[in-house]
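J.: Got a structure for you, questions after.
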Amino acid sequence: MKARLYILVLLLVIGWSSCTRRTTYPLFMQEAVKCMDSRPDRALELLKYLEDSLPHLPEETQMYYHLLCIQAKDKQYITHTDDSLINCIVEFYENRDDTDKKMMAYYYQGSTYRDMNDAPRALKSYQQAVDIS
């Protein structure tokens, strides 16, 4: 009886762990995230190491990579001049359950519009980020 219960619990744990989707990012991305607030210049350097291998990575990893690059540039006060990439990122995360990255994408979309002197769209994106949070 105990053996059956043990096997049942084991199968449930294995089944549950296989159903959870955890994305493991490349080491350089993980390190970039760690130093993003204190050293955004270093974070951008780390992200550039992945540039060549980017086409071979999953789409979610590619989008997060681009979002991190935009974040690092924003933290270094590098002016955003084009909204096409951030709009693709926002569209990608709109269809995902990852609220943290969706909120972050809207925030940096707002920052991009701010840099482009488009206050109405910047405010709308910032408000969407607040609504998600």
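So you can find residues: chains in the structure tokens are A, B, ... in the order shown, residues in each start at 1, and ligands are numbered from 1 in order.
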Taking 6 positions as the minimum chain separation for residues in the same chain, which residues sit within 10 Å of stretch 54-62 of chain A when counting only C-alpha atoms? Answer as a PyMOL selection string.
T.: chain A and resi 23-26+29+48+68+89+92-93+96
J.: Run DSSP on the backbone and give me the residues of stretch 19-90 of chain A it puts in alpha helix (DSSP H), as number ranges by chain.
T.: A: 19, 27-35, 40-48, 59-75, 84-90
J.: Excluding A:Tyr106 and any residue of its chain fewer than 3 positions from it, enumerate the residues within 7 Å of it, using only C-alpha atoms, and give them as a list in words.
T.: Val90, Lys102, Met103, Gln109, Gly110, Ser125, Tyr126, Gln128 and Ala129 of chain A
J.: Find, counting only C-alpha atoms, the residue in A:Lys75, A:Arg114, A:Arg121, A:Arg42 that gets nearest to A:Phe28.
T.: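 Using only C-alpha atoms, A:Phe28 sits closest to A:Arg42.
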J.: Show which residues sit within 12 Å of A:Leu27, as a ChimeraX atom specification. Count only C-alpha atoms, and ignore same-chain residues fewer than 3 positions away.
T.: /A:24,30-34,43,46-47,49-50,61,65
J.: Taking into account only C-alpha atoms, which residue in the set A:Ile132, A:Asp74, A:Glu51, A:Pro40 is nearest to A:Glu94?
T.: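 That would be A:Ile132, the residue with the smallest distance to A:Glu94.
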J.: For A:Tyr108, list every protein, DNA or RNA residue within 8 Å, evaluated using only C-alpha atoms, and leave out those in the same chain fewer than 6 positions away; present the list as a ChimeraX atom specification.
T.: /A:70-71,74,86
J.: For the residues in the current selection, export N, CA and C atoms as a compact mmCIF listing (two decimals), in the first residue's frame.
T.:
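Here's the written file selection.txt:
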```txt
# COMPACT_ATOMS: atom_id res chain seq x y z
N ILE A 70 17.54 47.00 -25.01
CA ILE A 70 16.85 48.29 -24.93
C ILE A 70 16.93 48.84 -23.50
N GLN A 71 16.77 47.97 -22.53
CA GLN A 71 16.86 48.39 -21.13
C GLN A 71 18.25 48.93 -20.81
N ASP A 74 18.75 52.28 -22.42
CA ASP A 74 17.95 53.30 -21.72
C ASP A 74 18.64 53.72 -20.43
N ILE A 86 10.89 47.66 -30.42
CA ILE A 86 10.13 47.58 -29.17
C ILE A 86 8.67 47.25 -29.45
```
J.: Neighbours of A:Thr79 within 9 Å (only C-alpha atoms; same-chain residues fewer than 2 positions away dropped), as a PyMOL selection string?
T.: chain A and resi 73-74+76-77+81+112+115-116
J.: With distances taken over only C-alpha atoms, which of A:Ile78, A:Arg39, A:Asn95, A:Asp83 is nearest to A:Ala122?
T.: A:Asp83
J.: For A:Tyr64, which of A:Ser38, A:Asp98, A:Glu45, A:Asp52 is the closest residue, counting only C-alpha atoms?
T.: A:Asp98
J.: Provide the atom CA of A:Leu123 to atom CA of A:Cys35 distance in Å, to one decimal place.
T.: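 So the answer is 28.1 Å.
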J.: One decimal, Å: what's the distance from atom CA of A:Ser84 over to atom CA of A:Asp37, could you say?
T.: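 Answer for the atom CA of A:Ser84 to atom CA of A:Asp37 separation: 24.9 Å.
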J.: Find the distance between atom CA of A:Lys101 and atom CA of A:Leu67 and write it in Å to one decimal.
T.: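 Separation between atom CA of A:Lys101 and atom CA of A:Leu67: 8.5 Å.
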